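Participant: Contents of final08.txt (compact mmCIF, C-alpha atoms) are given next:
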```
# COMPACT_ATOMS: atom_id res chain seq x y z
CA MET A 1 40.31 -16.13 -0.45
CA ILE A 2 40.99 -15.64 -4.12
CA VAL A 3 43.75 -13.17 -3.40
CA LEU A 4 45.35 -15.65 -1.02
CA GLY A 5 45.11 -18.35 -3.66
CA ARG A 6 46.78 -16.12 -6.21
CA ILE A 7 49.55 -15.24 -3.78
CA ALA A 8 49.97 -18.96 -3.16
CA GLY A 9 50.42 -19.47 -6.88
CA LEU A 10 47.51 -21.82 -7.33
CA ASP A 11 45.86 -22.13 -10.69
CA GLU A 12 42.99 -19.68 -11.07
CA THR A 13 40.47 -22.41 -11.78
CA VAL A 14 41.51 -24.27 -8.66
CA VAL A 15 41.38 -21.11 -6.61
CA GLN A 16 37.92 -20.28 -7.76
CA LYS A 17 36.69 -23.79 -7.07
CA LEU A 18 38.12 -23.62 -3.56
CA ALA A 19 36.50 -20.25 -3.02
CA ALA A 20 33.18 -21.52 -4.28
CA THR A 21 33.27 -24.30 -1.73
CA HIS A 22 34.77 -22.04 0.91
CA ASN A 23 37.69 -24.42 1.35
CA ILE A 24 40.62 -22.38 2.57
CA GLU A 25 42.88 -25.18 3.80
CA PRO A 26 44.49 -26.12 0.45
CA ILE A 27 45.27 -22.46 -0.07
CA LEU A 28 46.91 -22.16 3.31
CA ALA A 29 48.85 -25.34 2.67
CA ALA A 30 50.09 -23.94 -0.63
CA LEU A 31 51.06 -20.69 1.06
CA HIS A 32 53.15 -22.60 3.57
CA THR A 33 55.16 -24.18 0.82
CA LEU A 34 56.25 -20.83 -0.54
CA PRO A 35 59.83 -19.95 0.35
CA SER A 36 60.20 -17.55 3.25
CA THR A 37 56.51 -17.02 3.71
CA PRO A 38 55.59 -17.32 7.38
CA PRO A 39 52.23 -18.96 7.87
CA PRO A 40 49.98 -16.05 8.63
CA SER A 41 48.40 -17.49 11.72
CA THR A 42 51.63 -18.80 13.22
CA SER A 43 53.88 -15.86 12.57
CA PRO A 44 56.57 -16.03 15.27
CA GLN A 45 56.47 -12.34 15.94
CA GLY A 46 52.80 -12.58 16.81
CA SER A 47 50.08 -10.43 15.44
CA ALA A 48 50.94 -7.89 12.85
CA PHE A 49 48.48 -5.54 14.40
CA PRO A 50 48.83 -3.25 17.36
CA PRO A 51 46.02 -3.57 19.84
CA PHE A 52 44.46 -0.23 19.31
CA PRO A 53 43.68 2.01 16.53
CA LEU A 54 44.56 4.43 15.21
CA ASN A 55 43.11 6.36 12.51
CA LEU A 56 45.22 9.45 12.37
CA SER A 57 42.79 11.58 10.54
CA MET B 1 36.93 -14.15 -7.39
CA PHE B 2 36.50 -11.31 -9.69
CA THR B 3 36.74 -12.27 -13.27
CA ASN B 4 36.97 -9.58 -15.81
CA SER B 5 34.05 -9.39 -18.10
CA ASN B 6 33.33 -7.14 -20.95
CA ASN B 7 30.24 -9.02 -21.81
CA ALA B 8 27.21 -8.70 -19.64
CA CYS B 9 25.55 -11.54 -21.51
CA ASP B 10 27.48 -14.25 -19.71
CA LEU B 11 26.13 -13.20 -16.39
CA HIS B 12 24.78 -15.89 -14.20
CA LYS B 13 22.35 -15.89 -11.38
CA LEU B 14 23.60 -15.03 -7.95
CA LYS B 15 22.13 -15.23 -4.54
CA ASN B 16 20.35 -12.24 -3.24
CA LEU B 17 23.01 -10.57 -1.30
CA LEU B 18 23.89 -6.97 -0.85
CA LEU B 19 25.83 -4.60 1.19
CA LEU B 20 23.54 -1.64 1.22
CA LEU B 21 25.82 0.91 -0.35
CA GLY B 22 28.73 -1.08 0.80
CA LEU B 23 27.32 -1.40 4.20
CA LEU B 24 24.97 0.17 6.57
CA LEU B 25 26.88 1.38 9.52
CA VAL B 26 25.51 0.56 12.77
CA SER B 27 24.83 3.83 14.32
CA ALA B 28 21.36 2.41 14.02
CA ALA B 29 21.24 3.73 10.51
CA GLY B 30 22.12 0.26 9.43
CA PHE B 31 18.61 -0.87 9.77
CA ALA B 32 16.45 0.02 6.87
CA GLN B 33 13.29 -0.41 8.79
CA GLU B 34 11.98 -0.79 12.30
CA ALA B 35 11.12 -4.44 11.92
CA ASP B 36 13.41 -6.90 13.59
CA ILE B 37 16.08 -8.57 11.59
CA LYS B 38 17.97 -11.60 12.79
CA VAL B 39 21.67 -11.57 13.45
CA GLY B 40 23.07 -14.00 10.91
CA GLU B 41 26.81 -14.10 11.48
CA ILE B 42 29.13 -12.41 13.92
CA GLU B 43 32.62 -12.21 12.46
CA PHE B 44 35.87 -10.86 13.89
CA TYR B 45 39.08 -9.48 12.47
CA GLY B 46 42.33 -8.36 14.00
CA TYR B 47 41.84 -11.09 16.60
CA HIS B 48 45.31 -12.57 16.90
CA GLY B 49 45.80 -13.65 20.50
CA VAL B 50 42.16 -13.12 21.42
CA ASP B 51 39.91 -15.94 22.57
CA THR B 52 37.07 -15.14 20.21
CA GLY B 53 35.00 -17.98 21.62
CA SER B 54 34.88 -16.34 25.02
CA LEU B 55 34.41 -12.93 23.52
CA ARG B 56 31.51 -14.19 21.44
CA LYS B 57 29.81 -15.50 24.57
CA SER B 58 30.19 -12.15 26.28
CA LEU B 59 28.42 -10.22 23.54
CA PRO B 60 24.88 -8.98 24.15
CA PHE B 61 23.62 -10.70 21.02
CA ARG B 62 23.90 -14.16 19.55
CA GLU B 63 23.60 -15.42 16.03
CA GLY B 64 19.91 -15.95 15.43
CA ASP B 65 18.79 -13.21 17.80
CA PRO B 66 16.39 -10.57 16.53
CA ILE B 67 17.69 -7.03 16.50
CA SER B 68 16.01 -3.80 15.46
CA ARG B 69 16.78 -0.16 15.03
CA THR B 70 15.40 0.55 18.46
CA THR B 71 17.54 -2.06 20.17
CA ALA B 72 20.66 -1.84 18.03
CA THR B 73 22.19 1.27 19.50
CA GLU B 74 22.17 -0.08 23.03
CA LYS B 75 23.21 -3.55 21.95
CA PHE B 76 26.19 -2.23 20.08
CA LYS B 77 27.16 -0.02 22.96
CA GLN B 78 27.06 -3.09 25.17
CA ALA B 79 29.06 -5.02 22.61
CA ARG B 80 31.80 -2.40 22.62
CA GLN B 81 31.93 -2.62 26.39
CA ALA B 82 32.10 -6.41 26.18
CA VAL B 83 35.05 -6.18 23.81
CA PHE B 84 36.83 -3.81 26.16
CA THR B 85 36.14 -6.00 29.16
CA SER B 86 37.26 -9.16 27.39
CA THR B 87 40.33 -7.87 25.58
CA GLY B 88 41.39 -4.78 27.46
CA THR B 89 41.28 -2.78 24.27
CA ARG B 90 38.54 -1.00 22.43
CA ALA B 91 36.94 -2.41 19.32
CA THR B 92 38.38 -0.73 16.27
CA ASP B 93 35.01 -0.99 14.57
CA LEU B 94 31.62 -2.57 14.89
CA ALA B 95 29.76 -2.69 11.63
CA SER B 96 26.51 -4.26 10.59
CA VAL B 97 25.90 -5.27 7.05
CA CYS B 98 22.63 -6.21 5.41
CA CYS B 99 22.41 -9.04 4.56
CA ASP B 100 23.58 -12.58 4.18
CA GLU B 101 22.00 -15.23 1.98
CA ARG B 102 19.21 -15.68 4.50
CA ASN B 103 18.55 -11.94 4.63
CA GLN B 104 20.06 -11.81 8.07
CA LEU B 105 22.40 -9.20 9.45
CA ILE B 106 26.15 -9.72 9.47
CA ILE B 107 28.06 -8.06 12.27
CA TYR B 108 31.79 -7.44 11.91
CA ILE B 109 33.80 -6.65 15.00
CA GLY B 110 37.31 -5.28 14.62
CA LEU B 111 39.70 -6.02 17.45
CA SER B 112 42.87 -4.45 16.11
CA GLY B 113 44.23 -2.72 13.08
CA LYS B 114 47.21 -0.79 11.91
CA PRO B 115 47.13 2.98 11.95
CA VAL B 116 46.20 4.51 8.65
CA ARG B 117 47.21 8.07 7.97
CA TYR B 118 44.41 9.77 6.13
CA LEU B 119 44.51 13.04 4.31
CA ALA B 120 43.63 16.23 6.12
CA ARG B 121 40.08 17.39 5.51
CA PRO B 122 40.00 20.00 2.75
CA SER B 123 39.03 23.50 3.77
CA GLN B 124 37.07 25.05 0.94
CA LYS B 125 33.34 25.65 1.12
CA LEU B 126 32.32 23.90 -2.05
CA ASN B 127 29.02 22.22 -2.81
CA LEU B 128 27.69 20.25 -5.72
CA PRO B 129 24.62 21.61 -7.48
CA GLY B 130 21.28 20.57 -6.09
CA ASN B 131 20.47 18.32 -9.02
CA ALA B 132 23.63 16.29 -8.41
CA ILE B 133 22.76 15.87 -4.77
CA LYS B 134 19.22 14.90 -5.72
CA LEU B 135 20.54 12.29 -8.13
CA TYR B 136 22.62 10.76 -5.38
CA GLY B 137 19.68 10.81 -3.00
CA ASN B 138 17.49 9.13 -5.58
CA MET B 139 20.15 6.51 -6.13
CA MET B 140 20.32 5.76 -2.43
CA VAL B 141 16.58 5.30 -2.22
CA ALA B 142 16.61 3.07 -5.29
CA ILE B 143 19.46 1.01 -3.88
CA GLN B 144 17.54 0.45 -0.69
CA THR B 145 14.45 -0.60 -2.63
CA SER B 146 16.47 -2.89 -4.86
CA ALA B 147 18.07 -4.45 -1.81
CA GLN B 148 14.72 -5.11 -0.20
CA ARG B 149 13.66 -6.83 -3.41
CA GLY B 150 16.87 -8.77 -3.70
CA ALA B 151 17.54 -7.09 -7.04
CA VAL B 152 21.17 -6.36 -6.40
CA ASN B 153 23.10 -7.46 -9.44
CA GLU B 154 25.23 -4.99 -11.31
CA ASP B 155 27.00 -4.83 -14.64
CA TRP B 156 30.48 -3.34 -14.37
CA SER B 157 31.52 -3.86 -17.95
CA ASN B 158 31.40 -0.15 -18.73
CA GLY B 159 33.69 0.76 -15.87
CA TYR B 160 30.80 2.08 -13.79
CA ALA B 161 28.07 0.22 -11.99
CA LEU B 162 24.71 -0.28 -13.65
CA SER B 163 21.94 -2.27 -12.06
CA ILE B 164 20.82 -5.15 -14.18
CA SER B 165 18.04 -6.31 -11.93
CA TYR B 166 16.26 -3.10 -10.93
CA PRO B 167 15.49 -0.82 -13.89
CA PRO B 168 14.63 2.29 -11.82
CA LEU B 169 18.08 2.17 -10.25
CA ARG B 170 19.72 1.63 -13.61
CA ALA B 171 17.90 4.68 -14.99
CA ILE B 172 19.24 6.82 -12.18
CA GLN B 173 22.73 5.45 -12.63
CA LEU B 174 22.58 6.31 -16.33
CA GLN B 175 21.57 9.84 -15.34
CA MET B 176 24.55 9.96 -13.03
CA HIS B 177 26.78 8.85 -15.87
CA ALA B 178 25.37 11.55 -18.12
CA TYR B 179 25.83 14.15 -15.41
CA ALA B 180 29.37 13.06 -14.63
CA MET B 181 30.34 13.13 -18.29
CA ARG B 182 29.30 16.77 -18.47
CA HIS B 183 30.58 17.98 -15.13
CA GLU B 184 33.69 15.97 -14.32
CA ALA B 185 35.85 18.99 -13.53
CA ALA B 186 33.36 20.41 -11.05
CA ILE B 187 32.85 17.02 -9.42
CA THR B 188 36.59 16.51 -9.10
CA ASN B 189 36.98 19.96 -7.59
CA VAL B 190 34.43 19.18 -4.90
CA LEU B 191 35.98 15.78 -4.22
CA GLU B 192 39.44 17.22 -3.79
CA ASN B 193 38.65 20.50 -2.06
CA SER B 194 35.29 20.59 -0.30
CA SER B 195 35.37 20.69 3.47
CA ASP B 196 31.99 18.93 3.60
CA ASP B 197 32.30 15.16 4.00
CA ARG B 198 28.92 14.49 2.43
CA GLN B 199 29.71 16.61 -0.58
CA ARG B 200 32.98 14.78 -1.14
CA SER B 201 31.21 11.47 -0.67
CA ILE B 202 28.65 12.29 -3.34
CA ALA B 203 31.41 13.58 -5.59
CA ALA B 204 33.34 10.33 -5.19
CA GLU B 205 30.30 8.34 -6.24
CA LEU B 206 29.64 10.61 -9.21
CA LEU B 207 33.23 10.64 -10.36
CA GLY B 208 33.06 6.90 -10.72
CA TYR B 209 30.50 7.48 -13.47
CA ALA B 210 32.73 9.84 -15.47
CA ALA B 211 34.83 8.83 -18.44
CA GLN B 212 37.65 6.53 -17.44
CA SER B 213 40.89 8.44 -17.46
CA THR B 214 44.18 8.62 -15.65
CA HIS B 215 43.08 11.80 -13.94
CA GLN B 216 39.82 10.23 -12.80
CA VAL B 217 41.62 7.23 -11.35
CA GLU B 218 44.23 9.39 -9.67
CA SER B 219 41.55 11.55 -8.05
CA LEU B 220 39.69 8.51 -6.81
CA ALA B 221 42.92 6.93 -5.56
CA LYS B 222 43.65 10.09 -3.62
CA ALA B 223 40.10 10.06 -2.25
CA SER B 224 40.66 6.52 -1.05
CA ARG B 225 42.80 8.16 1.66
CA ASP B 226 40.16 10.75 2.55
CA SER B 227 39.51 11.53 6.20
CA SER B 228 35.89 10.47 5.74
CA GLY B 229 35.16 6.77 5.70
CA GLU B 230 32.20 7.27 3.37
CA VAL B 231 34.38 9.09 0.86
CA ARG B 232 36.98 6.35 1.04
CA ASN B 233 34.26 3.76 0.63
CA ASN B 234 32.70 5.37 -2.44
CA ALA B 235 36.03 6.18 -4.06
CA SER B 236 37.48 2.73 -3.50
CA ARG B 237 34.40 0.99 -4.81
CA ALA B 238 34.49 3.16 -7.91
CA LEU B 239 38.13 2.20 -8.41
CA GLY B 240 37.31 -1.46 -7.99
CA VAL B 241 34.63 -1.22 -10.64
CA ILE B 242 36.90 0.66 -13.03
CA ILE B 243 39.82 -1.75 -12.86
CA GLY B 244 37.42 -4.65 -12.90
CA ALA B 245 36.32 -3.56 -16.34
CA LYS B 246 39.58 -2.04 -17.49
CA PRO B 247 42.55 -3.71 -15.85
CA ASP B 248 45.02 -1.45 -17.62
CA MET B 249 43.80 1.41 -15.45
CA ALA B 250 45.29 -0.39 -12.46
CA ARG B 251 48.71 1.00 -13.26
CA ASN B 252 47.58 4.31 -11.81
CA ILE B 253 46.47 2.83 -8.53
CA PRO B 254 48.97 2.81 -5.65
CA LEU B 255 49.08 -0.71 -4.26
CA GLN B 256 50.40 0.47 -0.90
CA ASN B 257 47.25 2.54 -0.28
CA PHE B 258 45.12 -0.54 -0.41
CA MET B 259 47.53 -2.71 1.51
CA ASP B 260 47.32 -0.10 4.28
CA MET B 261 43.56 -0.05 4.07
CA LEU B 262 43.39 -3.83 4.23
CA LEU B 263 45.21 -3.71 7.55
CA SER B 264 43.00 -0.95 8.93
CA GLY B 265 40.78 -1.48 11.91
CA THR B 266 37.84 -0.01 10.00
CA TRP B 267 35.63 -2.50 8.24
CA THR B 268 34.76 -0.32 5.27
CA ASP B 269 38.44 0.15 4.56
CA ILE B 270 39.05 -3.57 4.71
CA ASN B 271 36.05 -4.36 2.56
CA LYS B 272 36.91 -1.91 -0.18
CA ALA B 273 40.63 -2.63 -0.06
CA SER B 274 39.91 -6.28 -0.64
CA LEU B 275 37.67 -5.39 -3.57
CA VAL B 276 40.45 -3.36 -5.17
CA LEU B 277 43.14 -5.91 -4.36
CA GLY B 278 40.99 -8.68 -5.77
CA ASN B 279 40.89 -6.87 -9.07
CA LEU B 280 44.51 -5.74 -8.94
CA THR B 281 45.67 -9.32 -8.54
CA SER B 282 43.47 -10.67 -11.28
CA PRO B 283 46.21 -10.36 -13.93
CA ARG B 284 48.59 -12.11 -11.48
CA ASP B 285 51.39 -9.62 -11.81
CA PRO B 286 54.30 -11.29 -9.94
CA THR B 287 55.47 -7.97 -8.54
CA ILE B 288 52.10 -7.21 -7.01
CA LEU B 289 51.69 -10.72 -5.65
CA SER B 290 55.16 -10.58 -4.16
CA GLN B 291 54.44 -7.27 -2.45
CA LEU B 292 51.34 -8.78 -0.90
CA ARG B 293 53.31 -11.66 0.55
CA THR B 294 53.86 -10.07 3.93
CA PRO B 295 52.74 -11.57 7.24
CA PRO B 296 50.31 -8.76 8.08
CA VAL B 297 48.58 -8.94 4.72
CA LEU B 298 48.45 -12.72 4.76
CA GLU B 299 47.12 -12.70 8.31
CA ARG B 300 44.32 -10.31 7.44
CA LEU B 301 43.45 -12.14 4.24
CA GLU B 302 43.30 -15.40 6.15
CA GLU B 303 40.97 -13.89 8.72
CA MET B 304 38.70 -12.69 5.96
CA ALA B 305 38.83 -16.00 4.16
CA ARG B 306 37.60 -17.67 7.33
CA TRP B 307 34.52 -15.50 7.52
CA ARG B 308 31.55 -17.74 6.94
CA THR B 309 29.53 -15.44 4.77
CA ASN B 310 29.96 -14.79 1.11
CA HIS B 311 30.89 -11.25 1.93
CA SER B 312 34.47 -12.30 2.12
CA THR B 313 34.07 -13.42 -1.41
CA VAL B 314 32.22 -10.27 -2.28
CA SER B 315 35.29 -8.44 -1.21
CA ASN B 316 38.05 -10.54 -2.61
CA ASP B 317 36.20 -12.42 -5.17
CA ARG B 318 33.76 -10.85 -7.49
CA PRO B 319 31.54 -13.28 -9.32
CA ARG B 320 29.54 -12.11 -12.26
CA PRO B 321 27.22 -10.32 -12.19
CA HIS B 322 28.58 -8.15 -9.46
CA ARG B 323 26.81 -7.52 -6.23
CA ARG B 324 26.86 -4.03 -5.00
CA THR B 325 29.32 -3.61 -2.13
```
Translate the structure of the given file into structure tokens.
Facilitator:
Amino acid sequence: MIVLGRIAGLDETVVQKLAATHNIEPILAALHTLPSTPPPSTSPQGSAFPPFPLNLS
Amino acid sequence: MFTNSNNACDLHKLKNLLLLLGLLLVSAAGFAQEADIKVGEIEFYGYHGVDTGSLRKSLPFREGDPISRTTATEKFKQARQAVFTSTGTRATDLASVCCDERNQLIIYIGLSGKPVRYLARPSQKLNLPGNAIKLYGNMMVAIQTSAQRGAVNEDWSNGYALSISYPPLRAIQLQMHAYAMRHEAAITNVLENSSDDRQRSIAAELLGYAAQSTHQVESLAKASRDSSGEVRNNASRALGVIIGAKPDMARNIPLQNFMDMLLSGTWTDINKASLVLGNLTSPRDPTILSQLRTPPVLERLEEMARWRTNHSTVSNDRPRPHRRT
């Protein structure tokens, strides 16, 4: 959550308070205001992840 | 919420919460004892497009159910089948972590993840000396005991983890530091070249206790792409601790490695990547933050942020004192 808040450009104190109260919505709202940042959960191309794994060890 | 601290004196009290050496994987080894433990939270990741409500109902366990070593293996096998039946794809991971604030089990179920290309397993027959292996074994036992007592707080201010709430563990960790200071080259050699996963895993842990250096960080960063999940786990945690104490060391850590790990289908990768990324973003370098602003990374971070346990904040956000992850 903190990383998201930092990406969203929120003040560190605010971010940490939001994390402490587990309040993600203001962070998501701030992310949506960033230019050319698709909201993660509504990305038009769908999930960023393929359905199955994967680890090419 | 990791905040850098070079002063262990400003530590404040935290809830008793621990990932037993990062986590205890569920191959039934995740249960420290035979006694039942309750399932606290069931969390998902990689679930875009999946009706997690229906999937949750199809699982063979519910939040609040007791589960034990003897029942876990079958329950998790059934859970994997339930995922396949519900989604048409196999779970990328199913990990149990001890424990949440109520000392209940957390179960993470991965539904998708991006492929991660790991390094080929090294081929040399190299082993650490017996005393190094014994140290690691002693540490594992002490960690388990400390977890059972809720004594899980650590001081990272030196760039390596030292228990501040369980003196026997701290004593062992100081021995590990002393050992690593004397034998860094041999430890690094095993980490980079041994064909034995366990040996590399122990070496990764030990190398975290060596003197902080560019070479140390580079070796650990390389090990964060190891073919063994346990090696990646130990190496990444060591890196997280190092840059938590010494942010300038972050310049030697490849961001892309940890972005890849964050998108992995494997929970340990996600957990440790988020630990490292939490510390890498602490100085708020605009370049790093910009690189993280991609839909896949944001999607995964949002999923993690929605987890109900503090483990999401263990990963991304490291309060002081630090809880072992």
Participant: Would you list the contacts of A:Thr33 as a ChimeraX atom specification, taking every protein, DNA or RNA residue within 12 Å and counting only C-alpha atoms, but skipping same-chain residues closer than 6 positions in sequence?
Facilitator: /A:7-10,26-27,39
Participant: Please build the interface table for chain B against chain A with a cut-off of 6 Å, listing for each qualifying residue the nearest atom pair and the distance in Å to one decimal; count all atoms listed in the file, order rows by chain and increasing number, and write it as a Markdown table.
Facilitator:
```
| residue | atom | partner | partner_atom | distance |
| --- | --- | --- | --- | --- |
| B:Met1 | CA | A:Ile2 | CA | 5.4 |
| B:His48 | CA | A:Ser47 | CA | 5.4 |
| B:Thr92 | CA | A:Pro53 | CA | 6.0 |
| B:Ser112 | CA | A:Pro51 | CA | 5.0 |
| B:Gly113 | CA | A:Phe49 | CA | 5.3 |
| B:Lys114 | CA | A:Phe49 | CA | 5.5 |
| B:Pro115 | CA | A:Leu54 | CA | 4.4 |
| B:Val116 | CA | A:Asn55 | CA | 5.3 |
| B:Arg117 | CA | A:Leu56 | CA | 5.0 |
| B:Tyr118 | CA | A:Ser57 | CA | 5.0 |
| B:Ser227 | CA | A:Ser57 | CA | 5.4 |
| B:Gly278 | CA | A:Val3 | CA | 5.8 |
| B:Leu289 | CA | A:Ile7 | CA | 5.3 |
| B:Pro295 | CA | A:Pro40 | CA | 5.4 |
| B:Pro296 | CA | A:Ala48 | CA | 4.9 |
| B:Leu298 | CA | A:Pro40 | CA | 5.3 |
| B:Glu299 | CA | A:Pro40 | CA | 4.4 |
| B:Ala305 | CA | A:Met1 | CA | 4.8 |
| B:Asp317 | CA | A:Ile2 | CA | 5.9 |
```
Participant: For a test of reading the model, state the distance in Å between atom CA of B:Lys246 and atom CA of B:Gly265, rounded to one decimal.
Facilitator: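 For atom CA of B:Lys246 relative to atom CA of B:Gly265, the distance reads 29.4 Å.
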Participant: Counting all atoms listed in the file, what is within 10 Å of B:Gln173, bar same-chain residues fewer than 6 positions away, as a PyMOL selection string?
Facilitator: chain B and resi 135-136+138-139+142+160-163+167+179+206+209
Participant: Taking (33.7, 0.9, -3.6) in the file's coordinates as the center, which residues reach within 10 Å of it, counting all atoms listed in the file, put as an mmCIF file with C-alpha atoms, in the coordinates of the input?
Facilitator:
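Saved the output as point25.cif:
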```
data_model
loop_
_atom_site.group_PDB
_atom_site.id
_atom_site.type_symbol
_atom_site.label_atom_id
_atom_site.label_comp_id
_atom_site.auth_asym_id
_atom_site.auth_seq_id
_atom_site.Cartn_x
_atom_site.Cartn_y
_atom_site.Cartn_z
ATOM 1 C CA LEU B 21 25.820 0.910 -0.350
ATOM 2 C CA GLY B 22 28.730 -1.080 0.800
ATOM 3 C CA ALA B 204 33.340 10.330 -5.190
ATOM 4 C CA GLU B 205 30.300 8.340 -6.240
ATOM 5 C CA GLY B 208 33.060 6.900 -10.720
ATOM 6 C CA SER B 224 40.660 6.520 -1.050
ATOM 7 C CA GLU B 230 32.200 7.270 3.370
ATOM 8 C CA VAL B 231 34.380 9.090 0.860
ATOM 9 C CA ARG B 232 36.980 6.350 1.040
ATOM 10 C CA ASN B 233 34.260 3.760 0.630
ATOM 11 C CA ASN B 234 32.700 5.370 -2.440
ATOM 12 C CA ALA B 235 36.030 6.180 -4.060
ATOM 13 C CA SER B 236 37.480 2.730 -3.500
ATOM 14 C CA ARG B 237 34.400 0.990 -4.810
ATOM 15 C CA ALA B 238 34.490 3.160 -7.910
ATOM 16 C CA LEU B 239 38.130 2.200 -8.410
ATOM 17 C CA GLY B 240 37.310 -1.460 -7.990
ATOM 18 C CA VAL B 241 34.630 -1.220 -10.640
ATOM 19 C CA ILE B 242 36.900 0.660 -13.030
ATOM 20 C CA THR B 268 34.760 -0.320 5.270
ATOM 21 C CA ASP B 269 38.440 0.150 4.560
ATOM 22 C CA ASN B 271 36.050 -4.360 2.560
ATOM 23 C CA LYS B 272 36.910 -1.910 -0.180
ATOM 24 C CA ALA B 273 40.630 -2.630 -0.060
ATOM 25 C CA SER B 274 39.910 -6.280 -0.640
ATOM 26 C CA LEU B 275 37.670 -5.390 -3.570
ATOM 27 C CA VAL B 276 40.450 -3.360 -5.170
ATOM 28 C CA SER B 315 35.290 -8.440 -1.210
ATOM 29 C CA ARG B 324 26.860 -4.030 -5.000
ATOM 30 C CA THR B 325 29.320 -3.610 -2.130
#
```
